[in-house]
Amino acid sequence: MIFAALLALALAAPALAVPAVRGMPATGKLSAHAHVTGPKFNIDATFDIVGSYDGNPTQVTVKVNSGLTLDPNLGTGEYLYHIHTNPLDPSGNCTLAFAHLDPYNVTESITCDPNFKQYCQEGDFSGKWGKLKGTQSGAIDQFSFSDPFVRFFPQDASLLGRSIVIHSANKTRIACGNITSILDGTMSFSGQPTNKPSSFVTDFPSAAPAQPAILISPFNGTDLPSQTFLDALPYPISFPAIPLDKALNIEFFQHTHDVKVNNVQTTVTQPDAKAAYGYGPTFNW
């Protein structure tokens, strides 16, 4: 099966030696922070993100201090949250964050299955790790997860210089905040935002993509879909993301290939990635 072969190739990608990365010893850590707020509902949350140069998954620690209540005005009491592509301007307008971080162009047409995270959007935290569960008080105890697909580099896939958005059940943006880090000059050495643009991620979308007309759920939580099933889908499935333990750094390229869409043979071009040597972000002294 073409689909199974693509998955096998991605998982077989060779891990690259740590010394290829400049600016940090092999034991060094990469770190970033986001303070996410939503004044309308008194939402206050923090995200601390830590990566490393040893291929281990990126550690994300979340703490909600207030605001994520069971208020029916906010829906079901379950909240979506994601890394979005763009930073916020000083007004804090969450709309300006645009779409989810999605370097493989999974798109929102494909429902994320947490058992097949390699086919989820990189920034889809709630899809991969579960929604934030509201409480009577609005606070949520600190918790952490380790995501093998969230990257500090390369630029196309980097979380640096972007933002985190929390949504209500109907996807309304109710809180947001910029991701800041010493690594790209968006955080000072005292831990405060510098309000400067990222020195590492400099290429941002100028608009959000159009929302898909049809949502599909090709994964069932246990088995990879058959090629026959995939051939009948209205969209081609993205190439699987390469995990950090298989390639510390990756390079994106446009991959043109033949697939079936709605059971019709079609030539498509999609983002794909391969293991690469290269340089991660260094301290912006």
# chains A, B, ... in the order shown; residues from 1 in each chain; ligands from 1

call {"tool": "residues_around", "arguments": {"residues": "Val264 in chain A", "least_positions_apart": "3", "cutoff": "12 Å", "atoms": "only C-alpha atoms", "output": "compact mmCIF listing (two decimals) with C-alpha atoms, in the first residue's frame"}}
result
# COMPACT_ATOMS: atom_id res chain seq x y z
CA THR A 228 -9.13 1.63 -1.02
CA LEU A 230 -7.96 6.56 1.10
CA ASP A 231 -8.54 6.52 -2.66
CA ALA A 232 -12.19 7.45 -2.10
CA LEU A 233 -11.48 10.48 0.11
CA PRO A 234 -12.14 14.00 -1.22
CA TYR A 235 -8.67 15.16 -0.15
CA PRO A 236 -5.22 13.54 -0.29
CA ASP A 258 0.11 10.56 -8.19
CA VAL A 259 -2.76 9.69 -5.86
CA LYS A 260 -6.44 8.94 -6.17
CA VAL A 261 -8.89 11.59 -4.98
CA THR A 267 -1.29 14.46 -9.65
CA VAL A 268 -0.82 16.53 -6.50

call {"tool": "closest_atom_pairs", "arguments": {"of": "range 144-236 of chain A", "to": "range 25-45 of chain A", "cutoff": "7 Å", "atoms": "only C-alpha atoms", "output": "JSON lines"}}
result
{"residue": "A:Ile164", "atom": "CA", "partner": "A:Val36", "partner_atom": "CA", "distance": 7.0}
{"residue": "A:Ile174", "atom": "CA", "partner": "A:Gly38", "partner_atom": "CA", "distance": 5.7}
{"residue": "A:Ala175", "atom": "CA", "partner": "A:Gly38", "partner_atom": "CA", "distance": 4.0}
{"residue": "A:Cys176", "atom": "CA", "partner": "A:Val36", "partner_atom": "CA", "distance": 4.7}
{"residue": "A:Gly177", "atom": "CA", "partner": "A:Val36", "partner_atom": "CA", "distance": 4.2}
{"residue": "A:Asn178", "atom": "CA", "partner": "A:Ala34", "partner_atom": "CA", "distance": 5.6}
{"residue": "A:Ile179", "atom": "CA", "partner": "A:Ala34", "partner_atom": "CA", "distance": 4.5}
{"residue": "A:Thr180", "atom": "CA", "partner": "A:His33", "partner_atom": "CA", "distance": 5.3}
{"residue": "A:Ser181", "atom": "CA", "partner": "A:Ala32", "partner_atom": "CA", "distance": 4.5}

call {"tool": "write_last_selection", "arguments": {"atoms": "N, CA and C atoms", "output": "tab-separated table (two decimals), in the first residue's frame"}}
result
chain	number	residue	atom	x	y	z
A	164	ILE	N	-0.17	31.11	20.85
A	164	ILE	CA	-1.06	30.04	21.29
A	164	ILE	C	-2.45	30.64	21.48
A	174	ILE	N	-11.05	32.75	22.39
A	174	ILE	CA	-11.38	33.44	23.64
A	174	ILE	C	-10.15	33.87	24.43
A	175	ALA	N	-8.98	33.41	24.05
A	175	ALA	CA	-7.74	33.82	24.74
A	175	ALA	C	-6.56	33.53	23.83
A	176	CYS	N	-5.50	34.32	23.96
A	176	CYS	CA	-4.33	34.12	23.12
A	176	CYS	C	-3.12	34.80	23.74
A	177	GLY	N	-1.95	34.43	23.27
A	177	GLY	CA	-0.72	35.04	23.75
A	177	GLY	C	0.45	34.62	22.89
A	178	ASN	N	1.45	35.48	22.79
A	178	ASN	CA	2.62	35.19	21.98
A	178	ASN	C	3.56	34.21	22.68
A	179	ILE	N	4.22	33.40	21.85
A	179	ILE	CA	5.29	32.53	22.34
A	179	ILE	C	6.57	33.35	22.33
A	180	THR	N	7.23	33.45	23.47
A	180	THR	CA	8.45	34.24	23.57
A	180	THR	C	9.61	33.37	24.03
A	181	SER	N	10.81	33.75	23.62
A	181	SER	CA	12.00	32.97	23.96
A	181	SER	C	13.24	33.84	23.86

call {"tool": "atom_distance", "arguments": {"atom1": "CA of His82 in chain A", "atom2": "CA of Arg151 in chain A"}}
result
13.9 Å

call {"tool": "closest_residue", "arguments": {"among": "A:Pro205, A:Pro87, A:Pro57, A:Pro154", "to": "Gly278 in chain A", "atoms": "only C-alpha atoms"}}
result
A:Pro154

call {"tool": "select_by_dssp", "arguments": {"residues": "range 37-236 of chain A", "states": "strand (DSSP E)", "output": "PyMOL selection string"}}
result
chain A and resi 37-38+43-52+58-66+78-84+132-133+140-147+163-167+173-180

call {"tool": "write_last_selection", "arguments": {"atoms": "N, CA and C atoms", "output": "short mmCIF file (atom, residue, chain, number, x, y, z; two decimals), in the first residue's frame"}}
result
data_model
loop_
_atom_site.label_atom_id
_atom_site.label_comp_id
_atom_site.auth_asym_id
_atom_site.auth_seq_id
_atom_site.Cartn_x
_atom_site.Cartn_y
_atom_site.Cartn_z
N THR A 37 -3.96 35.07 27.60
CA THR A 37 -4.99 35.77 28.36
C THR A 37 -6.22 36.05 27.49
N GLY A 38 -7.35 36.17 28.17
CA GLY A 38 -8.61 36.54 27.52
C GLY A 38 -9.42 37.38 28.47
N ILE A 43 -9.57 34.91 31.48
CA ILE A 43 -8.74 33.72 31.23
C ILE A 43 -7.28 34.08 31.40
N ASP A 44 -6.57 33.26 32.14
CA ASP A 44 -5.14 33.45 32.37
C ASP A 44 -4.49 32.07 32.42
N ALA A 45 -3.58 31.82 31.48
CA ALA A 45 -2.92 30.52 31.40
C ALA A 45 -1.48 30.69 30.98
N THR A 46 -0.64 29.74 31.34
CA THR A 46 0.77 29.77 30.94
C THR A 46 1.14 28.45 30.27
N PHE A 47 2.04 28.58 29.32
CA PHE A 47 2.59 27.43 28.61
C PHE A 47 4.10 27.54 28.64
N ASP A 48 4.77 26.52 29.16
CA ASP A 48 6.22 26.47 29.14
C ASP A 48 6.64 25.30 28.27
N ILE A 49 7.48 25.59 27.29
CA ILE A 49 7.84 24.60 26.27
C ILE A 49 9.35 24.42 26.29
N VAL A 50 9.78 23.17 26.43
CA VAL A 50 11.21 22.87 26.54
C VAL A 50 11.57 21.77 25.56
N GLY A 51 12.58 22.03 24.74
CA GLY A 51 13.11 21.04 23.83
C GLY A 51 14.57 20.78 24.13
N SER A 52 15.17 19.90 23.37
CA SER A 52 16.58 19.58 23.59
C SER A 52 17.21 19.20 22.26
N THR A 58 9.50 17.19 22.68
CA THR A 58 9.35 18.52 23.28
C THR A 58 8.37 18.45 24.44
N GLN A 59 8.80 18.99 25.59
CA GLN A 59 7.97 18.96 26.80
C GLN A 59 7.13 20.23 26.88
N VAL A 60 5.82 20.07 27.02
CA VAL A 60 4.91 21.20 27.12
C VAL A 60 4.20 21.14 28.47
N THR A 61 4.33 22.20 29.27
CA THR A 61 3.70 22.27 30.58
C THR A 61 2.65 23.37 30.56
N VAL A 62 1.44 23.03 30.95
CA VAL A 62 0.30 23.93 30.87
C VAL A 62 -0.27 24.16 32.27
N LYS A 63 -0.59 25.41 32.57
CA LYS A 63 -1.27 25.73 33.82
C LYS A 63 -2.31 26.81 33.54
N VAL A 64 -3.55 26.55 33.93
CA VAL A 64 -4.61 27.54 33.76
C VAL A 64 -4.94 28.11 35.13
N ASN A 65 -4.72 29.40 35.29
CA ASN A 65 -4.96 30.06 36.58
C ASN A 65 -6.41 30.46 36.77
N SER A 66 -7.09 30.79 35.68
CA SER A 66 -8.48 31.23 35.80
C SER A 66 -9.15 31.26 34.43
N GLU A 78 -15.38 22.26 27.45
CA GLU A 78 -14.15 21.70 26.89
C GLU A 78 -13.58 22.71 25.90
N TYR A 79 -12.27 22.92 25.98
CA TYR A 79 -11.64 24.00 25.23
C TYR A 79 -10.53 23.46 24.33
N LEU A 80 -10.52 23.96 23.11
CA LEU A 80 -9.47 23.63 22.14
C LEU A 80 -8.30 24.57 22.33
N TYR A 81 -7.09 24.11 22.02
CA TYR A 81 -5.94 25.00 22.09
C TYR A 81 -4.87 24.54 21.11
N HIS A 82 -4.23 25.53 20.50
CA HIS A 82 -3.29 25.24 19.42
C HIS A 82 -2.17 26.27 19.37
N ILE A 83 -1.06 25.89 18.73
CA ILE A 83 -0.07 26.86 18.26
C ILE A 83 -0.59 27.40 16.94
N HIS A 84 -0.63 28.72 16.81
CA HIS A 84 -1.03 29.35 15.55
C HIS A 84 0.19 29.96 14.87
N LEU A 132 -8.79 20.93 26.90
CA LEU A 132 -8.74 21.44 28.26
C LEU A 132 -10.13 21.30 28.88
N LYS A 133 -10.20 20.68 30.03
CA LYS A 133 -11.47 20.43 30.69
C LYS A 133 -11.76 21.55 31.69
N ILE A 140 -7.20 25.13 36.14
CA ILE A 140 -6.85 23.75 35.81
C ILE A 140 -5.44 23.50 36.33
N ASP A 141 -5.30 22.45 37.12
CA ASP A 141 -3.99 22.13 37.69
C ASP A 141 -2.95 21.93 36.60
N GLN A 142 -1.73 22.23 36.92
CA GLN A 142 -0.62 22.08 35.98
C GLN A 142 -0.52 20.64 35.49
N PHE A 143 -0.29 20.50 34.20
CA PHE A 143 -0.06 19.17 33.62
C PHE A 143 0.93 19.32 32.48
N SER A 144 1.50 18.21 32.05
CA SER A 144 2.52 18.23 31.00
C SER A 144 2.29 17.09 30.02
N PHE A 145 2.80 17.27 28.83
CA PHE A 145 2.85 16.19 27.85
C PHE A 145 4.12 16.34 27.02
N SER A 146 4.54 15.25 26.40
CA SER A 146 5.76 15.23 25.60
C SER A 146 5.38 14.97 24.15
N ASP A 147 5.63 15.94 23.29
CA ASP A 147 5.18 15.86 21.90
C ASP A 147 6.39 15.65 20.98
N SER A 163 2.18 32.03 18.22
CA SER A 163 1.25 32.31 19.32
C SER A 163 0.47 31.06 19.68
N ILE A 164 -0.17 31.11 20.85
CA ILE A 164 -1.06 30.04 21.29
C ILE A 164 -2.45 30.64 21.48
N VAL A 165 -3.45 29.93 21.00
CA VAL A 165 -4.84 30.39 21.09
C VAL A 165 -5.68 29.32 21.77
N ILE A 166 -6.54 29.75 22.69
CA ILE A 166 -7.54 28.88 23.31
C ILE A 166 -8.90 29.22 22.70
N HIS A 167 -9.66 28.19 22.35
CA HIS A 167 -10.96 28.36 21.73
C HIS A 167 -12.05 27.75 22.61
N ARG A 173 -12.34 32.22 19.32
CA ARG A 173 -11.06 32.48 19.98
C ARG A 173 -11.32 33.33 21.23
N ILE A 174 -11.05 32.75 22.39
CA ILE A 174 -11.38 33.44 23.64
C ILE A 174 -10.15 33.87 24.43
N ALA A 175 -8.98 33.41 24.05
CA ALA A 175 -7.74 33.82 24.74
C ALA A 175 -6.56 33.53 23.83
N CYS A 176 -5.50 34.32 23.96
CA CYS A 176 -4.33 34.12 23.12
C CYS A 176 -3.12 34.80 23.74
N GLY A 177 -1.95 34.43 23.27
CA GLY A 177 -0.72 35.04 23.75
C GLY A 177 0.45 34.62 22.89
N ASN A 178 1.45 35.48 22.79
CA ASN A 178 2.62 35.19 21.98
C ASN A 178 3.56 34.21 22.68
N ILE A 179 4.22 33.40 21.85
CA ILE A 179 5.29 32.53 22.34
C ILE A 179 6.57 33.35 22.33
N THR A 180 7.23 33.45 23.47
CA THR A 180 8.45 34.24 23.57
C THR A 180 9.61 33.37 24.03
#

call {"tool": "select_by_dssp", "arguments": {"residues": "range 59-262 of chain A", "states": "alpha helix (DSSP H)", "output": "list in words"}}
result
Phe125, Ser126, Gly127, Lys128, Trp129, Gln227, Thr228, Phe229, Leu230 and Asp231 of chain A

call {"tool": "write_last_selection", "arguments": {"atoms": "C-alpha atoms", "output": "tab-separated table (two decimals), in the first residue's frame"}}
result
chain	number	residue	atom	x	y	z
A	125	PHE	CA	-2.33	20.39	20.95
A	126	SER	CA	-5.93	19.54	21.85
A	127	GLY	CA	-6.31	17.14	18.93
A	128	LYS	CA	-3.19	15.23	19.92
A	129	TRP	CA	-3.40	15.45	23.71
A	227	GLN	CA	-5.64	2.21	0.37
A	228	THR	CA	-9.13	1.63	-1.02
A	229	PHE	CA	-10.57	3.85	1.71
A	230	LEU	CA	-7.96	6.56	1.10
A	231	ASP	CA	-8.54	6.52	-2.66

call {"tool": "closest_residue", "arguments": {"among": "A:Ser168, A:Ser198, A:Ser137, A:Thr95", "to": "Gly75 in chain A", "atoms": "only C-alpha atoms"}}
result
A:Ser168

call {"tool": "closest_residue", "arguments": {"among": "A:Thr186, A:Phe153, A:Gly77, A:Pro148", "to": "Tyr277 in chain A", "atoms": "only C-alpha atoms"}}
result
A:Phe153

call {"tool": "atom_distance", "arguments": {"atom1": "CA of Lys274 in chain A", "atom2": "CA of Phe252 in chain A"}}
result
6.6 Å

call {"tool": "atom_distance", "arguments": {"atom1": "CA of Tyr119 in chain A", "atom2": "CA of Thr172 in chain A"}}
result
24.1 Å
